[in-house]
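Visitor: Below you'll find model_29.txt; it's compact mmCIF, C-alpha atoms.
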```
# COMPACT_ATOMS: atom_id res chain seq x y z
CA MET A 269 22.91 80.62 44.84
CA LYS A 270 24.74 83.47 43.10
CA PHE A 271 25.97 86.53 44.99
CA LYS A 272 26.72 90.13 44.13
CA SER A 273 28.41 92.92 46.05
CA SER A 274 26.04 94.51 48.53
CA ILE A 275 26.73 97.33 51.00
CA ASN A 276 29.62 99.72 51.36
CA ASN A 277 28.99 101.23 54.77
CA ILE A 278 30.04 100.85 58.36
CA LEU A 279 27.41 100.57 61.06
CA PHE A 280 29.08 100.30 64.42
CA THR A 281 32.78 100.25 63.51
CA LYS A 282 34.94 102.15 65.97
CA HIS A 283 38.05 103.66 64.42
CA LEU A 284 40.67 104.83 66.85
CA SER A 285 41.04 108.51 67.51
CA SER A 286 43.81 110.33 65.72
CA THR A 287 44.26 112.76 68.61
CA PRO A 288 48.00 112.90 69.22
CA LEU A 289 49.44 111.80 72.54
CA ASN A 290 52.84 112.40 74.06
CA THR A 291 54.87 109.38 72.99
CA SER A 292 57.79 107.52 74.53
CA PHE A 293 59.66 105.64 71.83
CA MET A 294 61.20 102.19 72.06
CA ASN A 295 64.97 101.97 72.01
CA ASN A 296 64.78 99.78 68.94
CA ASN A 297 63.10 101.76 66.19
CA ILE A 298 61.16 99.25 64.13
CA SER A 299 59.94 100.72 60.88
CA THR A 300 57.71 97.87 59.81
CA LEU A 301 55.58 95.03 61.10
CA THR A 302 53.30 94.41 58.16
CA GLN A 303 53.11 95.56 54.56
CA THR A 304 51.10 98.64 55.46
CA LEU A 305 53.94 100.20 57.36
CA THR A 306 55.88 100.69 54.15
CA SER A 307 53.32 103.23 53.02
CA LEU A 308 53.14 104.76 56.49
CA THR A 309 56.79 105.78 56.40
CA THR A 310 56.49 107.84 53.22
CA GLU A 311 54.91 111.24 52.68
CA SER A 312 53.85 110.39 49.12
CA SER A 313 50.11 110.31 48.50
CA THR A 314 50.54 107.62 45.85
CA VAL A 315 49.83 104.11 47.05
CA THR A 316 52.26 101.87 45.21
CA ASN A 317 50.55 98.64 46.23
CA SER A 318 46.80 98.57 45.63
CA ASP A 319 46.45 95.73 48.13
CA ASP A 320 47.28 98.24 50.88
CA ARG A 321 44.17 100.27 50.06
CA LEU A 322 40.99 99.78 52.05
CA CYS A 323 38.60 97.51 50.19
CA SER A 324 35.83 100.11 50.34
CA GLU A 325 35.27 103.61 51.61
CA THR A 326 32.43 104.64 53.86
CA THR A 327 30.42 107.80 53.40
CA GLU A 328 29.19 107.62 56.97
CA THR A 329 31.01 108.88 60.02
CA ALA A 330 31.99 106.04 62.33
CA PRO A 331 30.89 106.53 65.94
CA PRO A 332 33.76 107.83 68.09
CA LEU A 333 35.49 105.60 70.60
CA PRO A 334 34.08 105.69 74.11
CA PRO A 335 35.79 108.32 76.27
CA PRO A 336 38.73 107.20 78.44
CA LEU A 337 37.65 105.24 81.48
CA ILE A 338 37.74 107.48 84.51
CA THR A 339 37.22 105.72 87.83
CA GLU A 340 38.68 105.95 91.30
CA CYS A 341 41.04 103.06 90.72
CA SER A 342 42.58 100.71 88.18
CA PHE A 343 41.49 97.07 87.70
CA PHE A 344 43.69 95.98 90.60
CA GLY A 345 43.41 99.19 92.58
CA SER A 346 41.13 100.59 95.22
CA PRO A 347 40.78 103.97 96.91
CA ASP A 348 43.01 102.61 99.68
CA GLY A 349 45.72 101.17 97.44
CA TYR A 350 46.40 98.10 95.31
CA LEU A 351 44.86 94.71 95.98
CA HIS A 352 47.05 92.02 97.52
CA ARG A 353 47.88 88.83 95.61
CA GLU A 354 44.96 86.69 96.78
CA ALA A 355 42.45 89.44 96.04
CA ARG A 356 43.98 89.99 92.57
CA ILE A 357 43.64 86.32 91.67
CA GLU A 358 40.06 86.17 92.91
CA LYS A 359 39.20 89.27 90.89
CA ALA A 360 40.80 87.75 87.78
CA LEU A 361 38.72 84.57 88.21
CA SER A 362 35.53 86.49 88.90
CA TYR A 363 36.07 88.63 85.79
CA TRP A 364 36.57 85.53 83.63
CA ARG A 365 33.36 84.01 84.97
CA LYS A 366 31.41 87.19 84.23
CA LEU A 367 32.64 87.05 80.60
CA GLY A 368 31.03 83.62 80.32
CA GLN A 369 34.28 81.60 80.43
CA PRO A 370 34.68 81.33 76.64
CA LYS A 371 36.43 78.15 75.55
CA LEU A 372 36.64 78.47 71.75
CA ILE A 373 38.89 81.39 70.87
CA VAL A 374 40.36 82.92 67.70
CA ALA A 375 44.12 83.31 68.17
CA PRO A 376 45.99 86.54 67.31
CA MET A 377 47.28 86.51 63.72
CA VAL A 378 49.08 89.44 62.09
CA ASP A 379 47.05 90.63 59.08
CA ASN A 380 44.58 87.76 59.58
CA SER A 381 42.51 88.16 62.78
CA GLU A 382 41.04 91.49 61.65
CA LEU A 383 37.45 92.51 62.42
CA PRO A 384 35.58 90.86 59.48
CA PHE A 385 37.36 87.55 60.07
CA ARG A 386 36.75 87.71 63.83
CA ILE A 387 33.04 88.30 63.25
CA LEU A 388 32.90 85.46 60.71
CA CYS A 389 34.45 83.05 63.23
CA ARG A 390 32.15 84.27 66.01
CA ARG A 391 29.10 83.59 63.83
CA HIS A 392 30.31 80.01 63.40
CA GLY A 393 31.20 78.90 66.90
CA ALA A 394 34.02 81.09 68.22
CA GLU A 395 33.25 82.51 71.66
CA ALA A 396 36.04 85.11 71.91
CA ALA A 397 38.83 86.49 69.73
CA TYR A 398 42.18 88.29 69.70
CA SER A 399 43.04 91.24 67.50
CA PRO A 400 46.13 90.94 65.32
CA MET A 401 49.38 91.76 67.09
CA LEU A 402 49.74 95.56 67.07
CA HIS A 403 53.02 97.42 67.40
CA SER A 404 52.65 99.59 70.50
CA ARG A 405 54.91 102.46 69.43
CA ILE A 406 53.51 102.76 65.90
CA PHE A 407 49.99 102.39 67.25
CA SER A 408 50.56 105.32 69.61
CA GLU A 409 52.01 107.69 67.05
CA ASN A 410 50.48 106.80 63.68
CA ALA A 411 46.79 107.50 63.03
CA LYS A 412 46.76 105.65 59.69
CA TYR A 413 48.13 102.52 61.32
CA ARG A 414 45.48 102.69 64.02
CA SER A 415 42.58 103.21 61.62
CA GLN A 416 43.62 100.40 59.25
CA GLU A 417 45.01 97.81 61.64
CA PHE A 418 42.39 97.89 64.40
CA THR A 419 38.61 98.33 64.24
CA THR A 420 35.88 96.82 66.33
CA CYS A 421 32.09 96.81 66.71
CA LYS A 422 29.34 95.83 69.15
CA GLU A 423 29.33 92.23 67.95
CA ASP A 424 33.07 91.89 68.58
CA ARG A 425 33.14 90.81 72.23
CA PRO A 426 34.75 89.32 74.28
CA LEU A 427 37.86 90.83 72.70
CA PHE A 428 41.57 90.64 73.50
CA VAL A 429 43.63 93.47 71.95
CA GLN A 430 47.24 92.37 71.62
CA PHE A 431 50.37 94.53 71.55
CA CYS A 432 54.06 93.83 71.19
CA ALA A 433 56.32 96.08 73.22
CA ASN A 434 59.52 96.34 75.23
CA ASP A 435 58.94 99.70 76.91
CA PRO A 436 56.32 99.95 79.70
CA GLU A 437 55.38 103.59 79.11
CA THR A 438 54.95 103.11 75.36
CA LEU A 439 52.84 100.00 75.96
CA LEU A 440 50.62 101.79 78.47
CA GLU A 441 50.11 104.69 76.08
CA ALA A 442 48.91 102.34 73.35
CA ALA A 443 46.79 100.27 75.73
CA ARG A 444 44.92 103.32 77.02
CA ARG A 445 43.67 103.96 73.49
CA VAL A 446 41.80 100.65 73.41
CA GLU A 447 40.91 99.74 76.99
CA ALA A 448 37.40 101.21 76.68
CA CYS A 449 36.48 98.85 73.82
CA CYS A 450 38.04 95.51 74.81
CA ASP A 451 37.93 92.96 77.61
CA TYR A 452 41.68 92.30 77.96
CA VAL A 453 44.81 94.08 76.82
CA ASP A 454 47.20 91.29 75.84
CA ILE A 455 51.00 91.35 75.70
CA ASN A 456 52.59 89.31 72.91
CA LEU A 457 55.45 87.36 74.51
CA GLY A 458 55.46 84.53 71.99
CA CYS A 459 56.30 85.86 68.51
CA PRO A 460 59.35 83.83 67.36
CA GLN A 461 59.97 85.57 64.02
CA ARG A 462 63.14 87.43 63.01
CA ILE A 463 61.37 90.77 63.08
CA ALA A 464 60.67 90.18 66.78
CA ARG A 465 64.35 89.45 67.37
CA ARG A 466 65.33 92.68 65.61
CA GLY A 467 62.68 94.65 67.45
CA ASN A 468 63.42 93.12 70.86
CA TYR A 469 59.89 91.94 71.59
CA GLY A 470 57.75 88.80 71.59
CA ALA A 471 59.48 85.53 72.47
CA PHE A 472 62.88 87.24 72.46
CA LEU A 473 62.03 88.93 75.74
CA MET A 474 62.21 85.48 77.36
CA ASP A 475 65.90 86.27 77.83
CA LYS A 476 64.93 89.48 79.69
CA LEU A 477 62.38 88.49 82.30
CA PRO A 478 62.71 91.74 84.31
CA VAL A 479 61.55 93.64 81.20
CA ILE A 480 58.54 91.33 80.88
CA LYS A 481 57.69 91.80 84.54
CA SER A 482 57.81 95.58 84.17
CA LEU A 483 55.46 95.47 81.16
CA VAL A 484 52.88 93.38 83.01
CA GLU A 485 53.04 95.45 86.18
CA LYS A 486 52.71 98.72 84.28
CA LEU A 487 49.45 97.61 82.66
CA ALA A 488 48.07 95.70 85.64
CA TYR A 489 48.23 98.69 87.94
CA ASN A 490 47.26 101.42 85.49
CA LEU A 491 44.51 100.03 83.23
CA HIS A 492 40.85 99.59 84.04
CA VAL A 493 40.70 96.26 82.23
CA PRO A 494 42.85 93.24 83.06
CA VAL A 495 46.10 92.36 81.32
CA SER A 496 46.66 88.97 79.72
CA CYS A 497 49.81 87.44 78.23
CA LYS A 498 50.52 84.93 75.47
CA ILE A 499 53.75 82.99 75.85
CA ARG A 500 55.79 80.11 74.49
CA ILE A 501 57.38 77.48 76.69
CA PHE A 502 61.04 77.08 77.65
CA PRO A 503 62.83 73.83 76.77
CA ASP A 504 63.03 73.12 80.51
CA LEU A 505 59.65 72.64 82.22
CA GLN A 506 60.72 74.21 85.51
CA ASP A 507 61.83 77.34 83.70
CA THR A 508 58.39 77.50 82.10
CA LEU A 509 56.64 77.12 85.45
CA ASN A 510 58.81 79.79 87.08
CA TYR A 511 58.05 82.08 84.14
CA ALA A 512 54.31 81.53 84.40
CA LYS A 513 54.29 82.09 88.17
CA MET A 514 56.25 85.31 87.72
CA LEU A 515 53.61 86.57 85.29
CA GLU A 516 50.78 85.70 87.68
CA ASP A 517 52.57 87.46 90.55
CA ALA A 518 53.20 90.53 88.38
CA GLY A 519 49.47 90.96 87.74
CA CYS A 520 48.66 88.85 84.67
CA SER A 521 44.95 87.93 84.89
CA LEU A 522 44.92 85.30 82.13
CA LEU A 523 47.71 83.33 80.45
CA ALA A 524 47.63 81.76 76.99
CA VAL A 525 50.35 79.12 76.54
CA HIS A 526 51.60 78.08 73.11
CA GLY A 527 53.03 74.61 73.73
CA ARG A 528 56.13 75.10 71.58
CA THR A 529 59.49 76.70 72.29
CA ARG A 530 60.80 79.82 70.61
CA ASP A 531 62.82 77.73 68.17
CA GLU A 532 59.92 75.43 67.25
CA LYS A 533 58.36 77.57 64.54
CA ASP A 534 56.92 74.95 62.20
CA GLY A 535 53.58 74.01 63.70
CA LYS A 536 52.89 71.46 60.97
CA LYS A 537 56.02 69.44 61.74
CA ILE A 538 56.38 69.95 65.51
CA ARG A 539 53.59 68.93 67.86
CA ALA A 540 52.70 71.30 70.68
CA ASN A 541 53.54 70.05 74.16
CA TRP A 542 50.20 69.64 75.91
CA ASP A 543 51.93 68.16 78.97
CA ALA A 544 53.73 71.45 79.54
CA ILE A 545 50.46 73.36 79.23
CA ARG A 546 48.85 71.00 81.74
CA ALA A 547 51.70 71.62 84.18
CA VAL A 548 51.25 75.39 83.85
CA LYS A 549 47.50 75.05 84.42
CA HIS A 550 48.10 73.05 87.59
CA ALA A 551 50.70 75.55 88.85
CA LEU A 552 48.59 78.70 88.37
CA ARG A 553 45.27 79.91 89.74
CA ILE A 554 44.40 82.40 86.99
CA PRO A 555 42.68 81.13 83.81
CA VAL A 556 45.00 79.36 81.36
CA LEU A 557 44.35 78.92 77.63
CA ALA A 558 45.98 76.24 75.46
CA ASN A 559 47.42 76.95 72.01
CA GLY A 560 48.71 74.35 69.56
CA ASN A 561 47.51 71.26 67.63
CA ILE A 562 43.91 72.47 67.26
CA ARG A 563 42.77 71.37 63.80
CA HIS A 564 39.17 70.27 64.42
CA MET A 565 36.67 69.85 67.25
CA ASP A 566 38.03 66.46 68.29
CA ASP A 567 41.34 68.22 68.99
CA VAL A 568 39.50 70.86 71.02
CA ASN A 569 37.91 68.24 73.26
CA ASP A 570 41.11 66.20 73.57
CA CYS A 571 43.14 69.30 74.45
CA LEU A 572 40.71 70.51 77.11
CA GLU A 573 40.61 67.05 78.67
CA HIS A 574 44.40 66.54 78.55
CA THR A 575 45.49 69.97 79.75
CA GLY A 576 42.60 71.01 81.97
CA ALA A 577 42.87 74.43 80.31
CA ASP A 578 40.05 76.94 80.52
CA GLY A 579 39.90 77.33 76.74
CA VAL A 580 41.74 76.75 73.46
CA LEU A 581 43.11 79.01 70.75
CA SER A 582 43.22 78.11 67.08
CA ALA A 583 45.02 80.00 64.32
CA GLU A 584 46.10 78.36 61.05
CA SER A 585 43.26 75.83 61.02
CA LEU A 586 40.69 78.61 61.39
CA LEU A 587 42.17 80.39 58.38
CA GLU A 588 41.35 77.35 56.27
CA ASN A 589 37.98 76.75 57.94
CA PRO A 590 36.53 79.70 59.89
CA ALA A 591 33.66 77.41 60.94
CA LEU A 592 36.03 74.96 62.65
CA PHE A 593 34.41 75.54 66.05
CA ALA A 594 30.97 74.74 64.60
CA GLY A 595 32.05 71.21 63.72
CA PHE A 596 33.16 69.43 60.55
CA GLY A 597 31.23 70.07 57.34
CA THR A 598 28.59 72.31 58.92
CA VAL A 599 29.02 75.20 56.45
CA ASP A 600 29.78 75.26 52.73
CA GLN A 601 33.19 76.81 52.15
CA LEU A 602 32.01 78.98 49.27
CA ASP A 603 29.22 80.34 51.46
CA LEU A 604 31.82 81.22 54.10
CA VAL A 605 33.82 83.20 51.54
CA VAL A 606 30.71 85.12 50.47
CA GLU A 607 29.85 85.87 54.09
CA TYR A 608 33.40 87.08 54.72
CA LEU A 609 33.31 89.37 51.66
CA GLN A 610 30.03 90.86 52.80
CA LEU A 611 31.55 91.57 56.21
CA CYS A 612 34.50 93.27 54.51
CA GLU A 613 32.11 95.53 52.62
CA LYS A 614 30.52 96.45 55.92
CA TYR A 615 33.80 96.77 57.85
CA PRO A 616 36.51 97.82 55.34
CA VAL A 617 40.01 96.38 55.62
CA PRO A 618 43.06 96.49 53.30
CA TRP A 619 42.76 94.30 50.21
CA ARG A 620 45.88 92.35 51.17
CA MET A 621 43.98 90.83 54.10
CA ILE A 622 41.09 89.82 51.86
CA ARG A 623 43.42 88.31 49.26
CA SER A 624 45.15 86.27 51.96
CA HIS A 625 41.90 84.96 53.45
CA VAL A 626 40.42 84.05 50.07
CA HIS A 627 43.53 82.04 49.17
CA LYS A 628 43.43 80.14 52.47
CA MET A 629 39.68 79.51 52.59
CA LEU A 630 39.62 78.31 48.97
CA GLY A 631 42.83 76.29 49.09
CA GLU A 632 41.12 72.97 48.39
CA TRP A 633 39.06 74.44 45.56
CA PHE A 634 42.16 75.99 43.99
CA ARG A 635 43.97 72.65 44.06
CA VAL A 636 41.16 71.17 41.97
CA HIS A 637 40.79 74.28 39.76
CA PRO A 638 44.27 75.88 39.61
CA HIS A 639 43.33 78.04 36.62
CA VAL A 640 40.90 79.97 38.83
CA ARG A 641 43.68 80.60 41.34
CA GLU A 642 45.91 81.82 38.51
CA ASP A 643 43.22 84.28 37.46
CA LEU A 644 43.07 85.59 41.04
CA ASN A 645 46.84 85.99 41.19
CA LYS A 646 46.81 88.01 37.98
CA GLN A 647 44.59 90.65 39.57
CA SER A 648 46.88 93.49 40.63
CA LYS A 649 43.82 95.37 41.86
CA LEU A 650 41.00 93.37 43.42
CA SER A 651 37.31 94.23 43.45
CA PHE A 652 34.31 92.69 45.16
CA GLU A 653 32.70 92.17 41.75
CA PHE A 654 35.62 90.01 40.62
CA LEU A 655 35.64 87.99 43.86
CA TYR A 656 31.90 87.32 43.88
CA ASP A 657 32.10 86.28 40.22
CA MET A 658 35.02 83.99 41.06
CA VAL A 659 32.99 82.29 43.80
CA ASN A 660 30.07 81.79 41.41
CA ARG A 661 32.47 80.41 38.83
CA LEU A 662 33.82 77.88 41.35
CA ARG A 663 30.29 76.95 42.32
CA ASP A 664 29.45 76.23 38.68
CA LEU A 665 32.65 74.21 38.24
CA GLY A 666 31.79 72.23 41.36
CA GLU A 667 28.34 71.42 40.00
CA GLU A 668 29.91 70.31 36.73
CA THR A 669 32.30 68.01 38.63
CA VAL A 670 29.42 66.46 40.56
CA SER A 671 27.45 65.93 37.30
CA GLU A 672 30.45 64.26 35.65
CA ASN A 673 30.87 61.91 38.62
CA CYS A 674 27.21 60.91 38.39
CA ILE A 675 27.44 59.86 34.75
```
Any chance you could give the structure as structure tokens?
Guide:
Amino acid sequence: MKFKSSINNILFTKHLSSTPLNTSFMNNNISTLTQTLTSLTTESSTVTNSDDRLCSETTETAPPLPPPLITECSFFGSPDGYLHREARIEKALSYWRKLGQPKLIVAPMVDNSELPFRILCRRHGAEAAYSPMLHSRIFSENAKYRSQEFTTCKEDRPLFVQFCANDPETLLEAARRVEACCDYVDINLGCPQRIARRGNYGAFLMDKLPVIKSLVEKLAYNLHVPVSCKIRIFPDLQDTLNYAKMLEDAGCSLLAVHGRTRDEKDGKKIRANWDAIRAVKHALRIPVLANGNIRHMDDVNDCLEHTGADGVLSAESLLENPALFAGFGTVDQLDLVVEYLQLCEKYPVPWRMIRSHVHKMLGEWFRVHPHVREDLNKQSKLSFEFLYDMVNRLRDLGEETVSENCI
């Protein structure tokens, strides 16, 4: 079946308000997290990289975000004060049960777990999803960053919105902008990349546990939705357990554990430590999610059985097969690409995200037909027309290959 570009509108997309807030800046001024931030730091109206442009423009006005949540107390508060530890844990468990206890979850991926991809994964088995990691300071002060890097819609729940931060006030300011349209505000404590070292966030806060504790406490006692954390393990198991217990005591309502250390960055060469995740699950009472070694549904079942975790996160494998959670071979890969492109027309994102997803989803096809990949790489400015034509071209080439094999 051949496809053409369809709609160019947004139905329920919620773009974040550009109303300025008083900001408290991080000590380490990070100018960039992703490619977009290069254009955000210049006053020029010329976009030097066409991949940073939104893939389509809407002529409709997106519905405004819900107003700030105004209640008598925060998630862990009450009119008489804050809940004690046992009551906090019970509330965290009750909240997770009310969400339906999702087990199959899209992990946070910078520039890759954006709204169209989250919706695609949800339509093919995913039960919850994380936003990409967002930089709390830039998110608070830059309207363009907010509008391009985070959008959501009614179909996009349950949703974790993840921030990196090292300053509690800055983190709270960013979190308050999204708490009305998500189910958890998540703190990234696991990013092992050099930019996280320079920016003093992610896994490099593992050397500064008091800072981490202050971040969790600030959100836990000031937001109306619970705070979750995503961590990596320490080389020593007892250090990991002490870390996890500290987070639970500080007010973390859900913990996702990547079973690799900060220095173990190559997930294809280094297996995640499911034993460590199991130990964390046994030590805590809040829900625990497992991250690492999830390539197909057999891995999902093995991981849940081995670790006892409440759910699993998948990242790289979902990029190659967004229908991973639906089971092997359930959806044609070319159909998935078409569905993703249609979602991007409905919920516009920068072209760089689309280019990245197309390359990953069509990796196997491009290995068989490298000339098609070369044609894609030559496109300095993408269009939906070109991408739909490319998919149809691959479909025709696939049919020719099947015919040749039958002769």
Visitor: Residues at most 12 Å from Asn569 (chain A), counting only C-alpha atoms, excluding those fewer than 5 positions away in the same chain, as a ChimeraX atom specification?
Guide: /A:371-372,558,561-564,574-580,593,595
Visitor: Hey, can you spit out that residue selection with C-alpha atoms as a PDB file, in the coordinates of the input?
Guide:
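Contents of result20.pdb, as written:
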```
ATOM      1  CA  LYS A 371      36.430  78.150  75.550  1.00  0.00           C
ATOM      2  CA  LEU A 372      36.640  78.470  71.750  1.00  0.00           C
ATOM      3  CA  ALA A 558      45.980  76.240  75.460  1.00  0.00           C
ATOM      4  CA  ASN A 561      47.510  71.260  67.630  1.00  0.00           C
ATOM      5  CA  ILE A 562      43.910  72.470  67.260  1.00  0.00           C
ATOM      6  CA  ARG A 563      42.770  71.370  63.800  1.00  0.00           C
ATOM      7  CA  HIS A 564      39.170  70.270  64.420  1.00  0.00           C
ATOM      8  CA  HIS A 574      44.400  66.540  78.550  1.00  0.00           C
ATOM      9  CA  THR A 575      45.490  69.970  79.750  1.00  0.00           C
ATOM     10  CA  GLY A 576      42.600  71.010  81.970  1.00  0.00           C
ATOM     11  CA  ALA A 577      42.870  74.430  80.310  1.00  0.00           C
ATOM     12  CA  ASP A 578      40.050  76.940  80.520  1.00  0.00           C
ATOM     13  CA  GLY A 579      39.900  77.330  76.740  1.00  0.00           C
ATOM     14  CA  VAL A 580      41.740  76.750  73.460  1.00  0.00           C
ATOM     15  CA  PHE A 593      34.410  75.540  66.050  1.00  0.00           C
ATOM     16  CA  GLY A 595      32.050  71.210  63.720  1.00  0.00           C
TER      17      GLY A 595
END
```
Visitor: Hey, which of A:Met565, A:Leu515, A:Ala443, A:Met401 ends up closest to Phe596 (chain A)? Count all atoms listed in the file.
Guide: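 Closest to Phe596 (chain A), using all atoms listed in the file: A:Met565.
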Visitor: Applying 10 Å and all atoms listed in the file, which residues near Arg539 (chain A) remain after dropping the ones on its own chain fewer than 2 positions away? List them as a PDB file with C-alpha atoms, in the frame of the given file.
Guide:
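Writing done, so here's result.pdb:
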```
ATOM      1  CA  GLY A 527      53.030  74.610  73.730  1.00  0.00           C
ATOM      2  CA  ARG A 528      56.130  75.100  71.580  1.00  0.00           C
ATOM      3  CA  GLU A 532      59.920  75.430  67.250  1.00  0.00           C
ATOM      4  CA  ASP A 534      56.920  74.950  62.200  1.00  0.00           C
ATOM      5  CA  GLY A 535      53.580  74.010  63.700  1.00  0.00           C
ATOM      6  CA  LYS A 536      52.890  71.460  60.970  1.00  0.00           C
ATOM      7  CA  LYS A 537      56.020  69.440  61.740  1.00  0.00           C
ATOM      8  CA  ASN A 541      53.540  70.050  74.160  1.00  0.00           C
ATOM      9  CA  TRP A 542      50.200  69.640  75.910  1.00  0.00           C
ATOM     10  CA  GLY A 560      48.710  74.350  69.560  1.00  0.00           C
ATOM     11  CA  ASN A 561      47.510  71.260  67.630  1.00  0.00           C
TER      12      ASN A 561
END
```
Visitor: Just to confirm, what's the straight-line distance from CA of Pro460 (chain A) to CA of Arg530 (chain A) in Å (one decimal)?
Guide: 5.4 Å
Visitor: Find the residue from A:Arg620, A:Lys366, A:Arg661, A:Lys498 that sits nearest to Leu457 (chain A); use all atoms listed in the file when measuring.
Guide: A:Lys498
Visitor: For a test of reading the model, state the distance in Å between CA of Cys450 (chain A) and CA of Asp424 (chain A), rounded to one decimal.
Guide: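 Rounded to one decimal, the two atoms are 8.8 Å apart.
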Visitor: Go through A:Ser651, A:Gln369, A:Gln416, A:Thr508 one by one, measure the shortest atom-to-atom distance of each to Lys549 (chain A) using all atoms listed in the file, and give the residue with the smallest value.
Guide: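 Nearest to Lys549 (chain A): A:Thr508.
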Visitor: Enter the distance from CA of Ala360 (chain A) to CA of Ala396 (chain A), in Å, rounded to one decimal.
Guide: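 Separation of CA of Ala360 (chain A) and CA of Ala396 (chain A): 16.8 Å.
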Visitor: My list of candidates is A:Arg465, A:Lys513, A:Arg391, A:Lys649. Which is closest to Leu552 (chain A) when distances are computed with only C-alpha atoms?
Guide: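 Result for the nearest residue to Leu552 (chain A): A:Lys513.
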Visitor: Excluding region 631-634 of chain A and any residue of its chain fewer than 3 positions from it, enumerate the residues within 12 Å of it, using all atoms listed in the file, and give them as a PyMOL selection string.
Guide: chain A and resi 585+587-589+600-602+605+624-628+637-645+658-659+661-666+669
Visitor: List every protein, DNA or RNA residue with an atom no more than 7 Å from (43.6, 97.0, 65.2) in the file's coordinates, counting all atoms listed in the file, and format the result as a list of chain:residue names.
Guide: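 The answer, in the requested form, is A:Ser399, A:Pro400, A:Leu402, A:Arg414, A:Gln416, A:Glu417, A:Phe418, A:Thr419.
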Visitor: I need the chosen residues saved as a compact mmCIF listing (two decimals), in the coordinates of the input, with C-alpha atoms.
Guide:
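This is the output file part-v9.txt:
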```txt
# COMPACT_ATOMS: atom_id res chain seq x y z
CA SER A 399 43.04 91.24 67.50
CA PRO A 400 46.13 90.94 65.32
CA LEU A 402 49.74 95.56 67.07
CA ARG A 414 45.48 102.69 64.02
CA GLN A 416 43.62 100.40 59.25
CA GLU A 417 45.01 97.81 61.64
CA PHE A 418 42.39 97.89 64.40
CA THR A 419 38.61 98.33 64.24
```
Visitor: Can you work out which one of A:Val556, A:Cys449, A:Leu592, A:Val636 has the shortest atom-to-atom distance to Val568 (chain A), counting all atoms listed in the file?
Guide: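 Ranked by minimum distance to Val568 (chain A), first place goes to A:Leu592.
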Visitor: May I have the residues within 9 Å of Ile455 (chain A) as a PyMOL selection string, using only C-alpha atoms and disregarding those fewer than 6 positions away in the same chain?
Guide: chain A and resi 401+429-433+439+470+483-484+495-499
Visitor: Please, could you write that set of residues out with C-alpha atoms as a JSON list (two decimals), in the coordinates of the input?
Guide:
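File written: again18.json
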```json
[["chain", "number", "residue", "atom", "x", "y", "z"],
["A", 401, "MET", "CA", 49.38, 91.76, 67.09],
["A", 429, "VAL", "CA", 43.63, 93.47, 71.95],
["A", 430, "GLN", "CA", 47.24, 92.37, 71.62],
["A", 431, "PHE", "CA", 50.37, 94.53, 71.55],
["A", 432, "CYS", "CA", 54.06, 93.83, 71.19],
["A", 433, "ALA", "CA", 56.32, 96.08, 73.22],
["A", 439, "LEU", "CA", 52.84, 100.00, 75.96],
["A", 470, "GLY", "CA", 57.75, 88.80, 71.59],
["A", 483, "LEU", "CA", 55.46, 95.47, 81.16],
["A", 484, "VAL", "CA", 52.88, 93.38, 83.01],
["A", 495, "VAL", "CA", 46.10, 92.36, 81.32],
["A", 496, "SER", "CA", 46.66, 88.97, 79.72],
["A", 497, "CYS", "CA", 49.81, 87.44, 78.23],
["A", 498, "LYS", "CA", 50.52, 84.93, 75.47],
["A", 499, "ILE", "CA", 53.75, 82.99, 75.85]]
```
Visitor: Measuring atom to atom with only C-alpha atoms, identify which of A:Leu505, A:Ile622, A:Val606, A:Leu383 is nearest to Asp319 (chain A).
Guide: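 With only C-alpha atoms as the atom set, the closest residue is A:Ile622.
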Visitor: Please, which residues are within 12 Å of (41.9, 92.6, 50.9) by the file's coordinates, counting only C-alpha atoms, and could they come as a PyMOL selection string?
Guide: chain A and resi 304+317-324+379-380+382+384-385+416+608-609+611-613+615-627+647-652+655
